[in-house]
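Pasted below: coords.txt, compact mmCIF, C-alpha atoms and all ligand atoms.
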```
# COMPACT_ATOMS: atom_id res chain seq x y z
CA MET B 8 6.38 41.15 46.71
CA ALA B 9 7.31 37.56 47.41
CA LEU B 10 6.04 34.73 45.29
CA SER B 11 3.83 32.24 47.01
CA ILE B 12 5.99 29.27 46.35
CA ARG B 13 5.16 25.78 47.50
CA ARG B 14 8.78 24.76 47.40
CA ASP B 15 11.64 27.16 47.88
CA SER B 16 14.01 24.86 46.02
CA SER B 17 12.13 25.62 42.80
CA LEU B 18 13.25 29.20 42.71
CA GLY B 19 16.81 28.86 41.54
CA SER B 20 16.33 26.14 38.94
CA ALA B 21 13.79 27.74 36.54
CA PRO B 22 10.99 25.19 36.81
CA GLU B 23 9.32 23.82 33.68
CA ALA B 24 5.87 25.04 34.71
CA LEU B 25 4.32 27.92 36.62
CA VAL B 26 1.05 26.96 38.30
CA PHE B 27 -1.64 29.52 39.09
CA ALA B 28 -4.07 27.83 41.44
CA ASP B 29 -5.52 30.49 43.74
CA GLY B 30 -8.59 29.07 45.43
CA PHE B 31 -8.52 25.83 43.45
CA PRO B 32 -10.24 23.29 45.74
CA GLU B 33 -8.40 20.23 44.43
CA ILE B 34 -4.96 21.74 44.90
CA ASP B 35 -3.59 18.91 47.06
CA THR B 36 -4.30 16.11 44.63
CA LEU B 37 -3.28 18.35 41.76
CA ALA B 38 0.04 19.07 43.50
CA GLU B 39 0.68 15.34 43.82
CA GLU B 40 -0.04 14.79 40.15
CA LEU B 41 2.17 17.68 39.15
CA ASP B 42 4.98 16.19 41.22
CA ASN B 43 4.60 13.00 39.19
CA GLU B 44 4.36 14.76 35.85
CA PHE B 45 7.08 17.36 36.21
CA GLY B 46 9.20 16.24 39.14
CA VAL B 47 9.03 17.85 42.55
CA ASP B 48 11.15 20.88 41.75
CA GLN B 49 10.05 21.44 38.17
CA TRP B 50 6.85 23.29 38.91
CA VAL B 51 6.14 26.18 41.15
CA GLU B 52 2.91 27.68 42.41
CA VAL B 53 2.51 31.39 41.92
CA SER B 54 -0.30 33.44 43.44
CA ASN B 55 -2.32 35.55 40.99
CA THR B 56 -1.10 38.73 42.64
CA SER B 57 2.52 37.74 41.98
CA ALA B 58 1.88 36.79 38.37
CA ASP B 59 3.44 39.91 36.83
CA GLN B 60 6.61 39.55 38.81
CA ALA B 61 6.93 35.83 38.11
CA LEU B 62 6.30 36.27 34.38
CA ALA B 63 8.86 39.05 34.19
CA GLN B 64 11.51 36.81 35.72
CA LEU B 65 11.05 33.75 33.52
CA GLY B 66 14.04 31.43 33.38
CA GLY B 67 15.21 29.50 30.33
CA ASN B 68 13.50 26.27 31.19
CA THR B 69 10.05 27.60 31.94
CA SER B 70 7.69 26.99 29.04
CA ILE B 71 4.32 26.04 30.49
CA ALA B 72 1.77 27.99 32.50
CA ILE B 73 -0.94 25.98 34.20
CA VAL B 74 -3.96 28.12 34.98
CA THR B 75 -6.85 26.76 37.02
CA ALA B 76 -10.47 27.89 36.91
CA SER B 77 -13.03 26.65 39.39
CA ALA B 78 -15.14 29.61 40.53
CA ASP B 79 -17.80 30.62 38.06
CA MET B 80 -18.11 34.27 39.06
CA PRO B 81 -17.77 36.70 36.14
CA GLN B 82 -15.09 38.69 37.93
CA ALA B 83 -13.03 35.62 38.68
CA ILE B 84 -13.31 34.46 35.06
CA GLU B 85 -12.20 37.87 33.82
CA GLY B 86 -9.19 37.71 36.12
CA ILE B 87 -8.28 34.28 34.78
CA ALA B 88 -8.70 35.47 31.19
CA ALA B 89 -6.27 38.31 31.91
CA LEU B 90 -3.83 35.85 33.46
CA ILE B 91 -3.97 33.61 30.38
CA ARG B 92 -3.23 36.63 28.16
CA LYS B 93 -0.26 37.63 30.27
CA ALA B 94 1.18 34.13 30.31
CA ARG B 95 0.79 33.87 26.55
CA ASP B 96 2.40 37.24 26.03
CA ALA B 97 5.31 36.02 28.12
CA GLY B 98 5.74 33.20 25.57
CA LEU B 99 4.36 30.36 27.70
CA LEU B 100 2.10 27.57 26.51
CA VAL B 101 -1.01 27.78 28.63
CA LEU B 102 -2.75 24.70 29.95
CA LEU B 103 -6.13 25.51 31.42
CA ILE B 104 -7.37 23.20 34.16
CA VAL B 105 -11.08 23.51 34.81
CA GLY B 106 -13.28 22.42 37.66
CA GLU B 107 -17.02 23.03 37.69
CA ILE B 108 -17.44 26.05 35.43
CA SER B 109 -20.19 26.86 32.97
CA SER B 110 -19.78 26.37 29.25
CA ARG B 111 -20.11 30.15 28.87
CA SER B 112 -17.12 30.78 31.12
CA MET B 113 -15.26 27.97 29.42
CA HIS B 114 -15.91 29.55 26.05
CA MET B 115 -14.60 32.88 27.29
CA LEU B 116 -11.39 31.35 28.58
CA LEU B 117 -10.74 29.21 25.51
CA LYS B 118 -11.07 32.31 23.36
CA GLU B 119 -8.00 33.68 25.06
CA GLY B 120 -6.02 31.13 23.13
CA VAL B 121 -4.98 28.44 25.56
CA ALA B 122 -2.80 25.73 24.06
CA ASP B 123 -4.90 23.02 25.67
CA PHE B 124 -7.29 22.35 28.53
CA ALA B 125 -8.08 19.47 30.85
CA PRO B 126 -11.06 18.97 33.13
CA TYR B 127 -10.03 18.14 36.69
CA PRO B 128 -10.12 15.86 38.68
CA GLU B 129 -12.10 13.74 36.18
CA PRO B 130 -11.53 12.07 33.75
CA GLU B 131 -8.45 10.38 35.07
CA GLY B 132 -5.45 10.76 32.77
CA ALA B 133 -6.73 13.91 31.04
CA LEU B 134 -4.10 16.05 32.74
CA THR B 135 -1.27 13.70 31.82
CA GLU B 136 -2.41 13.62 28.20
CA ALA B 137 -2.69 17.39 28.03
CA ILE B 138 0.82 17.84 29.43
CA GLU B 139 2.16 15.35 26.91
CA ARG B 140 0.53 17.24 24.07
CA LEU B 141 2.01 20.51 25.29
CA ARG B 142 5.43 18.95 25.43
CA PHE B 143 4.93 17.74 21.89
CA VAL B 144 3.98 21.20 20.70
CA ARG B 145 6.99 22.64 22.47
CA ALA B 146 9.46 20.01 21.27
CA SER B 147 8.31 20.32 17.67
CA GLY B 148 8.97 24.05 17.95
CA ASN B 149 5.45 24.58 16.72
CA GLN B 150 4.50 27.77 18.44
CA SER B 151 1.33 27.81 16.41
CA GLY B 152 0.27 25.28 19.03
CA VAL B 153 -0.52 28.37 21.05
CA GLY B 154 -4.05 29.32 20.32
CA LEU B 155 -5.17 25.89 19.26
CA THR B 156 -8.23 24.71 21.06
CA THR B 157 -8.56 21.22 22.39
CA SER B 158 -10.37 19.89 19.38
CA ALA B 159 -7.35 20.74 17.29
CA LEU B 160 -4.93 19.10 19.67
CA GLN B 161 -6.85 15.94 20.47
CA ARG B 162 -6.55 14.69 16.96
CA ARG B 163 -7.38 11.26 15.71
CA GLY B 164 -5.54 11.38 12.45
CA LYS B 165 -6.58 9.55 9.34
CA VAL B 166 -4.03 6.97 8.25
CA LEU B 167 -3.21 6.70 4.54
CA THR B 168 -0.73 4.01 3.61
CA VAL B 169 1.13 3.73 0.32
CA TYR B 170 2.40 0.30 -0.66
CA GLY B 171 4.21 -0.69 -3.84
CA VAL B 172 3.52 -4.28 -4.82
CA ALA B 173 6.86 -4.44 -6.64
CA GLY B 174 10.17 -2.65 -6.11
CA GLY B 175 10.58 0.75 -7.75
CA VAL B 176 6.96 1.19 -8.85
CA GLY B 177 6.90 4.69 -7.36
CA ALA B 178 5.38 4.17 -3.89
CA SER B 179 7.75 6.61 -2.16
CA THR B 180 7.36 9.24 -4.87
CA ILE B 181 3.60 9.05 -4.44
CA ALA B 182 3.74 9.01 -0.62
CA VAL B 183 6.05 12.04 -0.46
CA ASN B 184 4.13 14.13 -2.97
CA LEU B 185 0.74 13.13 -1.58
CA ALA B 186 1.90 14.18 1.89
CA TRP B 187 3.12 17.53 0.58
CA GLU B 188 -0.02 18.28 -1.44
CA LEU B 189 -2.24 17.35 1.48
CA ALA B 190 -0.17 19.40 3.93
CA THR B 191 -0.54 22.42 1.65
CA LEU B 192 -4.27 21.86 1.14
CA VAL B 193 -5.27 21.42 4.78
CA ARG B 194 -2.88 23.89 6.37
CA LYS B 195 -5.34 26.77 6.20
CA GLN B 196 -7.77 24.82 8.39
CA GLY B 197 -5.02 24.34 10.97
CA ARG B 198 -4.65 20.67 10.05
CA LYS B 199 -1.30 18.94 10.13
CA VAL B 200 0.22 16.08 8.18
CA ALA B 201 2.94 13.60 9.15
CA LEU B 202 4.78 11.30 6.77
CA LEU B 203 6.27 8.13 8.25
CA ASP B 204 8.91 6.16 6.37
CA PHE B 205 8.43 2.55 7.44
CA ASN B 206 11.08 1.35 5.06
CA PHE B 207 13.47 1.10 7.99
CA GLN B 208 16.19 -0.38 5.85
CA TYR B 209 16.55 1.77 2.76
CA GLY B 210 13.82 4.33 3.12
CA SER B 211 14.13 7.15 0.61
CA VAL B 212 11.80 9.77 2.10
CA ALA B 213 14.74 11.63 3.70
CA THR B 214 16.36 11.86 0.26
CA PHE B 215 13.17 12.80 -1.61
CA LEU B 216 12.56 15.70 0.80
CA ASP B 217 16.17 16.43 1.67
CA VAL B 218 15.51 16.39 5.40
CA PRO B 219 17.97 15.24 8.09
CA ARG B 220 17.67 11.80 9.65
CA ARG B 221 17.47 12.45 13.35
CA GLU B 222 19.45 10.48 15.90
CA ALA B 223 16.27 9.82 17.90
CA VAL B 224 14.65 7.82 15.07
CA TYR B 225 16.50 4.66 15.99
CA GLU B 226 15.31 4.64 19.60
CA LEU B 227 11.79 5.51 18.57
CA VAL B 228 11.41 2.70 16.08
CA SER B 229 13.14 0.09 18.22
CA GLU B 230 11.27 0.78 21.47
CA ALA B 231 8.30 2.92 20.53
CA SER B 232 5.97 1.50 23.16
CA SER B 233 7.88 3.36 25.87
CA PHE B 234 7.77 6.70 24.00
CA ASP B 235 5.45 9.63 24.44
CA GLN B 236 4.72 12.71 22.33
CA THR B 237 8.03 14.29 23.30
CA GLY B 238 9.87 11.23 22.01
CA LEU B 239 7.98 11.38 18.74
CA ALA B 240 8.63 15.11 18.33
CA GLN B 241 12.35 14.59 18.83
CA ALA B 242 12.46 11.97 16.11
CA LEU B 243 10.57 14.04 13.53
CA SER B 244 12.17 16.32 10.96
CA THR B 245 10.15 19.02 9.23
CA TYR B 246 9.99 20.05 5.63
CA GLN B 247 9.50 23.81 5.34
CA ASP B 248 7.75 23.76 8.72
CA LYS B 249 4.65 22.43 6.99
CA LEU B 250 5.17 18.70 6.85
CA TRP B 251 6.47 16.51 9.68
CA VAL B 252 8.58 13.57 8.62
CA LEU B 253 9.75 10.42 10.36
CA THR B 254 12.66 9.36 8.17
CA ALA B 255 14.25 5.95 8.17
CA PRO B 256 17.12 5.70 10.68
CA ARG B 257 20.66 6.64 9.61
CA ASP B 258 21.84 3.04 9.59
CA ALA B 259 19.97 0.42 7.65
CA LEU B 260 18.05 -1.70 10.15
CA PRO B 261 16.62 -5.16 9.69
CA LEU B 262 12.92 -4.71 8.96
CA ASP B 263 12.04 -7.01 11.83
CA ILE B 264 13.77 -4.83 14.42
CA VAL B 265 10.37 -3.28 14.92
CA THR B 266 7.62 -5.31 16.50
CA PRO B 267 3.92 -5.06 15.72
CA THR B 268 3.52 -3.36 19.12
CA ASP B 269 6.15 -0.73 18.27
CA VAL B 270 4.57 -0.02 14.92
CA LYS B 271 1.14 0.42 16.46
CA ALA B 272 2.62 2.69 19.12
CA ILE B 273 4.31 4.90 16.49
CA ILE B 274 1.12 5.21 14.45
CA ASN B 275 -0.98 5.95 17.52
CA LEU B 276 1.39 8.66 18.71
CA ALA B 277 1.31 10.20 15.26
CA ARG B 278 -2.48 10.00 15.06
CA GLU B 279 -2.82 11.86 18.33
CA ALA B 280 -0.78 14.78 17.09
CA PHE B 281 -1.65 14.91 13.38
CA ASP B 282 -4.79 15.00 11.29
CA TYR B 283 -3.29 12.90 8.50
CA VAL B 284 -0.62 10.25 8.84
CA ILE B 285 0.87 9.01 5.59
CA ILE B 286 2.92 5.83 5.70
CA ASP B 287 5.43 4.72 3.10
CA MET B 288 5.51 0.92 3.40
CA PRO B 289 8.30 -1.40 2.32
CA GLN B 290 7.49 -4.00 -0.31
CA ALA B 291 8.35 -6.96 1.95
CA LEU B 292 5.43 -8.17 4.04
CA MET B 293 6.45 -8.32 7.70
CA ASN B 294 4.74 -9.48 10.87
CA TRP B 295 3.83 -5.82 11.43
CA SER B 296 2.29 -5.30 7.99
CA GLU B 297 -1.05 -6.62 9.14
CA PRO B 298 -1.53 -4.13 12.00
CA VAL B 299 -0.58 -1.30 9.64
CA TYR B 300 -3.15 -2.54 7.13
CA THR B 301 -5.78 -2.84 9.84
CA ILE B 302 -5.16 0.65 11.24
CA SER B 303 -5.07 2.30 7.79
CA ASP B 304 -8.16 4.16 6.63
CA ASP B 305 -7.05 4.03 3.00
CA PHE B 306 -4.46 1.63 1.67
CA PHE B 307 -3.02 2.68 -1.69
CA ALA B 308 -1.68 -0.35 -3.55
CA VAL B 309 0.62 0.89 -6.29
CA MET B 310 1.50 -1.13 -9.38
CA GLU B 311 2.76 -0.74 -12.91
CA ILE B 312 1.37 -2.42 -15.96
CA ASP B 313 4.07 -5.09 -16.30
CA MET B 314 3.69 -8.77 -15.55
CA ARG B 315 5.80 -8.53 -12.37
CA SER B 316 3.41 -6.00 -10.81
CA ALA B 317 0.34 -7.91 -11.96
CA GLN B 318 1.58 -11.15 -10.45
CA ASN B 319 2.56 -9.51 -7.18
CA MET B 320 -0.78 -7.73 -6.95
CA PHE B 321 -2.51 -11.07 -7.49
CA ARG B 322 -0.52 -12.62 -4.64
CA PHE B 323 -1.04 -9.64 -2.37
CA LEU B 324 -4.80 -9.78 -2.88
CA ARG B 325 -4.81 -13.51 -2.27
CA THR B 326 -2.97 -12.98 1.03
CA LEU B 327 -5.45 -10.32 2.14
CA LYS B 328 -8.37 -12.56 1.26
CA ALA B 329 -6.84 -15.55 3.05
CA GLU B 330 -6.54 -13.39 6.17
CA SER B 331 -10.10 -12.10 5.71
CA MET B 332 -8.88 -8.51 5.64
CA ASP B 333 -11.21 -5.65 4.78
CA LEU B 334 -10.68 -5.06 1.06
CA ALA B 335 -12.87 -1.96 0.94
CA LYS B 336 -10.02 0.28 2.06
CA LEU B 337 -7.86 -0.64 -0.94
CA VAL B 338 -7.28 2.08 -3.52
CA PHE B 339 -5.55 0.72 -6.61
CA VAL B 340 -3.07 3.05 -8.25
CA LEU B 341 -1.46 2.42 -11.60
CA ASN B 342 1.80 4.34 -11.91
CA ARG B 343 3.50 5.10 -15.22
CA SER B 344 0.19 4.42 -16.92
CA PRO B 345 0.13 4.46 -20.73
CA GLY B 346 -0.71 7.80 -22.37
CA MET B 347 -4.02 8.62 -24.09
CA THR B 348 -2.69 7.80 -27.52
CA ASP B 349 -1.21 4.45 -26.54
CA LEU B 350 -4.21 2.33 -27.48
CA THR B 351 -2.44 -0.98 -27.04
CA GLY B 352 -1.29 0.14 -23.61
CA LYS B 353 -4.82 1.20 -22.67
CA ALA B 354 -6.19 -2.17 -23.78
CA ARG B 355 -3.57 -3.91 -21.66
CA VAL B 356 -4.55 -1.86 -18.60
CA LYS B 357 -8.16 -2.87 -19.08
CA ARG B 358 -7.24 -6.54 -19.42
CA VAL B 359 -4.98 -6.58 -16.36
CA ALA B 360 -7.55 -4.79 -14.18
CA GLU B 361 -10.24 -7.22 -15.30
CA SER B 362 -8.13 -10.28 -14.69
CA LEU B 363 -7.26 -9.05 -11.19
CA GLY B 364 -10.89 -8.14 -10.57
CA ILE B 365 -9.96 -4.61 -9.50
CA THR B 366 -10.93 -1.05 -10.42
CA LEU B 367 -8.07 1.39 -10.75
CA GLY B 368 -8.77 4.41 -8.55
CA HIS B 369 -5.98 6.50 -10.00
CA GLN B 370 -3.75 6.32 -13.03
CA ILE B 371 -0.54 8.32 -12.80
CA PRO B 372 1.24 8.88 -16.11
CA ASP B 373 4.98 8.79 -16.66
CA GLY B 374 6.34 12.20 -15.71
CA GLY B 375 9.71 11.73 -17.32
CA LYS B 376 13.05 13.00 -16.05
CA ALA B 377 11.48 15.89 -14.11
CA VAL B 378 10.16 13.41 -11.54
CA VAL B 379 13.52 11.73 -11.01
CA ASN B 380 15.16 15.17 -10.79
CA ALA B 381 12.70 16.41 -8.19
CA CYS B 382 13.27 13.24 -6.13
CA ASP B 383 17.03 13.58 -6.45
CA GLN B 384 17.00 17.22 -5.44
CA GLY B 385 14.75 16.52 -2.48
CA ILE B 386 11.93 18.83 -3.57
CA PRO B 387 8.23 17.98 -3.94
CA LEU B 388 6.91 18.21 -7.50
CA ALA B 389 4.56 21.06 -6.56
CA GLU B 390 7.61 23.20 -5.83
CA ILE B 391 9.70 22.43 -8.86
CA ALA B 392 7.51 20.89 -11.58
CA LYS B 393 4.06 22.22 -10.83
CA SER B 394 2.44 21.25 -14.09
CA ASN B 395 4.04 17.84 -14.39
CA PRO B 396 1.27 15.26 -15.03
CA VAL B 397 2.44 13.19 -12.05
CA ARG B 398 2.00 16.19 -9.78
CA LYS B 399 -1.45 16.89 -11.18
CA GLU B 400 -2.69 13.36 -10.54
CA VAL B 401 -1.20 13.21 -7.04
CA LEU B 402 -2.83 16.56 -6.28
CA ARG B 403 -6.12 15.02 -7.38
CA ILE B 404 -5.63 12.18 -4.88
CA ALA B 405 -4.92 14.72 -2.13
CA GLN B 406 -7.97 16.79 -3.08
CA ARG B 407 -10.15 13.72 -2.97
CA VAL B 408 -8.89 12.85 0.53
CA ALA B 409 -9.33 16.42 1.79
CA THR B 410 -12.81 16.89 0.32
CA GLU B 411 -14.03 13.48 1.53
CA ASP B 412 -13.22 14.60 5.05
CA ALA B 413 -14.73 18.04 4.61
CA THR B 414 -17.94 16.45 3.33
CA LYS B 415 -18.02 14.01 6.23
CA ALA B 416 -17.43 16.79 8.75
CA ALA B 417 -20.21 18.87 7.19
CA SER B 418 -22.72 16.03 7.22
CA SER B 419 -21.91 15.00 10.79
CA GLY B 420 -22.21 18.32 12.35
N1 LIG P 501 5.23 8.45 -12.70
C1 LIG P 501 6.55 8.56 -12.73
N2 LIG P 501 7.16 9.16 -13.77
C2 LIG P 501 8.50 9.29 -13.79
N3 LIG P 501 9.32 8.85 -12.84
C3 LIG P 501 8.78 8.23 -11.79
C4 LIG P 501 7.37 8.07 -11.66
N4 LIG P 501 7.13 7.43 -10.50
C5 LIG P 501 8.33 7.22 -9.91
N5 LIG P 501 9.32 7.69 -10.68
C6 LIG P 501 10.76 7.60 -10.40
O1 LIG P 501 11.08 6.23 -10.24
C7 LIG P 501 12.06 6.04 -9.25
C8 LIG P 501 11.57 5.01 -8.24
O2 LIG P 501 10.48 5.55 -7.53
P1 LIG P 501 10.27 5.32 -5.98
O3 LIG P 501 11.54 5.33 -5.25
O4 LIG P 501 9.20 6.24 -5.57
O5 LIG P 501 9.69 3.84 -6.02
P2 LIG P 501 9.41 2.86 -4.80
O6 LIG P 501 8.27 2.01 -5.19
O7 LIG P 501 9.29 3.64 -3.55
O8 LIG P 501 10.75 2.03 -4.79
P3 LIG P 501 11.40 1.12 -3.65
O9 LIG P 501 10.96 -0.26 -3.97
O10 LIG P 501 12.85 1.33 -3.83
O11 LIG P 501 10.88 1.61 -2.34
C9 LIG P 501 12.33 7.40 -8.65
O12 LIG P 501 13.52 7.90 -9.18
C10 LIG P 501 11.17 8.24 -9.09
O13 LIG P 501 11.56 9.56 -9.29
MG MG P 502 10.26 3.40 -1.69
```
Do you think you could lay out the structure here as structure tokens?
Ligand SMILES: Nc1ncnc2c1ncn2[C@@H]1O[C@H](COP(=O)(O)OP(=O)(O)OP(=O)(O)O)[C@@H](O)[C@H]1O
Ligand SMILES: [Mg+2]
Amino acid sequence: MALSIRRDSSLGSAPEALVFADGFPEIDTLAEELDNEFGVDQWVEVSNTSADQALAQLGGNTSIAIVTASADMPQAIEGIAALIRKARDAGLLVLLIVGEISSRSMHMLLKEGVADFAPYPEPEGALTEAIERLRFVRASGNQSGVGLTTSALQRRGKVLTVYGVAGGVGASTIAVNLAWELATLVRKQGRKVALLDFNFQYGSVATFLDVPRREAVYELVSEASSFDQTGLAQALSTYQDKLWVLTAPRDALPLDIVTPTDVKAIINLAREAFDYVIIDMPQALMNWSEPVYTISDDFFAVMEIDMRSAQNMFRFLRTLKAESMDLAKLVFVLNRSPGMTDLTGKARVKRVAESLGITLGHQIPDGGKAVVNACDQGIPLAEIAKSNPVRKEVLRIAQRVATEDATKAASSG
């Protein structure tokens, strides 16, 4: 049985996508769009009757199956459901393109575990976005993308930024461990976390998690506006396949190599693909610090109890006020806070907080050598020093973030 192939040239070169579009009324405009998305010879149309043969002969490059559904007859929907199953079993990511079908049919098809779906022909751009997301799933090697429904893929991640007002106050330690705790907490709900090291010069996230710095990081941070999800996926490393990490580039870059536009583009790409985006900020304030602050949902300002931190915090707050920034998103964190028995220390904390006019949201005690060791070995505290007081407090921060969202989701729907 011959395949119904729109272009013979596609046969030999293992096209990126197989397209099942029997009876799809918009096939001509769809074909044009697919030419633009994949390239003329990187997709091939296969008739439903030839599906088995085509799926049995898959070439190395073929990773996407596009399945269309336009007729709302139960039999047709059953046939499409079977097709989706077959394509999935063959290891393809299935993109469902739907015309005018009922929500009941839609529900039936989504249950088959498509990786994503796009209505067609409206809204404009939905197809492009869906293909980009599939490429992201594929490039990140995250086969669990299969079976995700659209709501899981069209994420609008929450942005949590960690900023140390003085050098060495523990911002990166907190960012890394917060990201890990959160990733562990929300994983069961199919939620994903990304950690972005914006300390482009001497970022330590790669060291603290012992992950490789990918070659693609440099291009991403220096010209992010021209990148898509595939570009982001290529620049990310993973820690134990649970946490996605954008490390600093291999070579130390001037902090101003990135523009505010690039920074916004990186965050937006990450927010589309992840539920939580944690940013480790450098201490120096750059022209792109303001957009990061504005985009952040929570901004953790980390300090210690010494005069240097107090003075810097004072200046930082003054800058924010001068720029009329929203102060409500600030969460003040005191690291290496004095222990329960250190009464003088406690009194000092109270005095400093009062003089700055702030309320400390979290106080993280000194965790001793175990913290430095964990950082040096590139392992999160939860994995190596579970009951360390630093780990316990960071876990509390993560729990607060995760439950806040769960509560919001429950009350909104
Ligand atoms: N609460 C803590 N108890 C013990 N050690 C800590 C604590 N917080 C951070 N450290 C250690 O202090 C060192 C500096 O921390 P970290 O690199 O996280 O600070 P930073 O604010 O990111 O510094 P930089 O200004 O270099 O970016 C690390 O070795 C870390 O392990
Ligand atoms: Mg740091």
Within 7 Å of ligand LIG 501 (chain P), counting only C-alpha atoms and all ligand atoms, residues as a list in words: Gly171, Ala173, Gly174, Gly175, Val176, Gly177, Ala178, Ser179, Thr180, Ile181, Gly210, Ser211, Pro289, Gln290, Asn342, Arg343, Ile371, Pro372, Asp373, Gly374, Gly375, Lys376, Val378, Val379, Asn380, Cys382 and Val397 of chain B
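Considering only C-alpha atoms, the residue among B:Ile104, B:Leu37, B:Leu189, B:Met80 positioned nearest to Gln406 (chain B) is B:Leu189.
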- request: May I have the protein, DNA and RNA residues with any atom at most 12 Å from the point (19.9, 0.4, 7.7), counting all atoms listed in the file, written as a count of residues only?
  value: 21
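Interatomic distance, CA of Ala381 (chain B) to CA of Ala201 (chain B): 20.1 Å.
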Test item: residues at most 8 Å from Met320 (chain B), all atoms listed in the file, excluding those fewer than 5 positions along its chain, as a ChimeraX atom specification: /B:172,310,363
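Across B:Tyr300, B:Val356, B:Ser112, B:Ala72, the tightest approach to Ser331 (chain B) is made by B:Tyr300 when counting all atoms listed in the file.
Minimum distance to ligand MG 502 (chain P) across B:Glu107, B:Asp59, B:Asp287, B:Asp305 (counting only C-alpha atoms and all ligand atoms) occurs at B:Asp287.
From CA of Val166 (chain B) back to CA of Glu411 (chain B), the distance works out to 13.7 Å.
Remark: for ligand MG 502 (chain P), the closest of the candidate residues B:Ala186, B:Ala133, B:Ala329, B:Val169 is B:Val169 (distances computed over all atoms listed in the file).
Among the candidates B:Ile274, B:Leu185, B:Pro22, B:Ile108, the residue lying nearest to Gly67 (chain B) is B:Pro22 (atoms considered: all atoms listed in the file).
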- prompt: Which one of B:Thr135, B:Thr237, B:Thr214, B:Asn294 sits closest to ligand MG 502 (chain P) if you count all atoms listed in the file?
  reply: B:Thr214
Polymer residues at most 8 Å from Ala88 (chain B), all atoms listed in the file, same-chain spacing of 6 or more positions, as a VMD selection string: chain B and resid 115 to 116 119
- prompt: How far is it from CA of Phe234 (chain B) to CA of Ile273 (chain B), in Å with one decimal?
  reply: 8.5 Å
- prompt: Could you tell me, as a ChimeraX atom specification, which residues have any atom at most 6 Å from (-1.5, 16.9, 13.4), counting only C-alpha atoms?
  reply: /B:198-200,280-282
query: Residues at most 9 Å from Thr36 (chain B), counting all atoms listed in the file, excluding those fewer than 4 positions away in the same chain, as a ChimeraX atom specification?
result: /B:40-41,128
Completion of region 122-134 of chain B up to N, CA and C atoms, as a PDB file, in the coordinates of the input:
```pdb
ATOM      1  N   ALA B 122      -3.341  26.769  24.941  1.00  0.00           N
ATOM      2  CA  ALA B 122      -2.800  25.730  24.060  1.00  0.00           C
ATOM      3  C   ALA B 122      -3.585  24.436  24.230  1.00  0.00           C
ATOM      4  N   ASP B 123      -4.137  24.244  25.433  1.00  0.00           N
ATOM      5  CA  ASP B 123      -4.900  23.020  25.670  1.00  0.00           C
ATOM      6  C   ASP B 123      -5.667  23.184  26.983  1.00  0.00           C
ATOM      7  N   PHE B 124      -6.656  22.329  27.215  1.00  0.00           N
ATOM      8  CA  PHE B 124      -7.290  22.350  28.530  1.00  0.00           C
ATOM      9  C   PHE B 124      -7.590  20.939  28.981  1.00  0.00           C
ATOM     10  N   ALA B 125      -7.722  20.772  30.298  1.00  0.00           N
ATOM     11  CA  ALA B 125      -8.080  19.470  30.850  1.00  0.00           C
ATOM     12  C   ALA B 125      -9.064  19.673  31.985  1.00  0.00           C
ATOM     13  N   PRO B 126     -10.169  18.921  31.976  1.00  0.00           N
ATOM     14  CA  PRO B 126     -11.060  18.970  33.130  1.00  0.00           C
ATOM     15  C   PRO B 126     -10.363  18.287  34.313  1.00  0.00           C
ATOM     16  N   TYR B 127     -10.674  18.734  35.532  1.00  0.00           N
ATOM     17  CA  TYR B 127     -10.030  18.140  36.690  1.00  0.00           C
ATOM     18  C   TYR B 127     -11.010  18.066  37.856  1.00  0.00           C
ATOM     19  N   PRO B 128     -11.040  17.004  38.670  1.00  0.00           N
ATOM     20  CA  PRO B 128     -10.120  15.860  38.680  1.00  0.00           C
ATOM     21  C   PRO B 128     -10.482  14.742  37.682  1.00  0.00           C
ATOM     22  N   GLU B 129     -11.704  14.789  37.129  1.00  0.00           N
ATOM     23  CA  GLU B 129     -12.100  13.740  36.180  1.00  0.00           C
ATOM     24  C   GLU B 129     -12.026  14.295  34.761  1.00  0.00           C
ATOM     25  N   PRO B 130     -11.861  13.491  33.734  1.00  0.00           N
ATOM     26  CA  PRO B 130     -11.530  12.070  33.750  1.00  0.00           C
ATOM     27  C   PRO B 130     -10.047  11.851  34.068  1.00  0.00           C
ATOM     28  N   GLU B 131      -9.812  10.722  34.693  1.00  0.00           N
ATOM     29  CA  GLU B 131      -8.450  10.380  35.070  1.00  0.00           C
ATOM     30  C   GLU B 131      -7.563  10.318  33.820  1.00  0.00           C
ATOM     31  N   GLY B 132      -6.379  10.842  33.911  1.00  0.00           N
ATOM     32  CA  GLY B 132      -5.450  10.760  32.770  1.00  0.00           C
ATOM     33  C   GLY B 132      -5.528  11.958  31.843  1.00  0.00           C
ATOM     34  N   ALA B 133      -6.590  12.779  31.972  1.00  0.00           N
ATOM     35  CA  ALA B 133      -6.730  13.910  31.040  1.00  0.00           C
ATOM     36  C   ALA B 133      -5.587  14.901  31.217  1.00  0.00           C
ATOM     37  N   LEU B 134      -5.182  15.104  32.468  1.00  0.00           N
ATOM     38  CA  LEU B 134      -4.100  16.050  32.740  1.00  0.00           C
ATOM     39  C   LEU B 134      -2.788  15.562  32.124  1.00  0.00           C
TER      40      LEU B 134
END
```
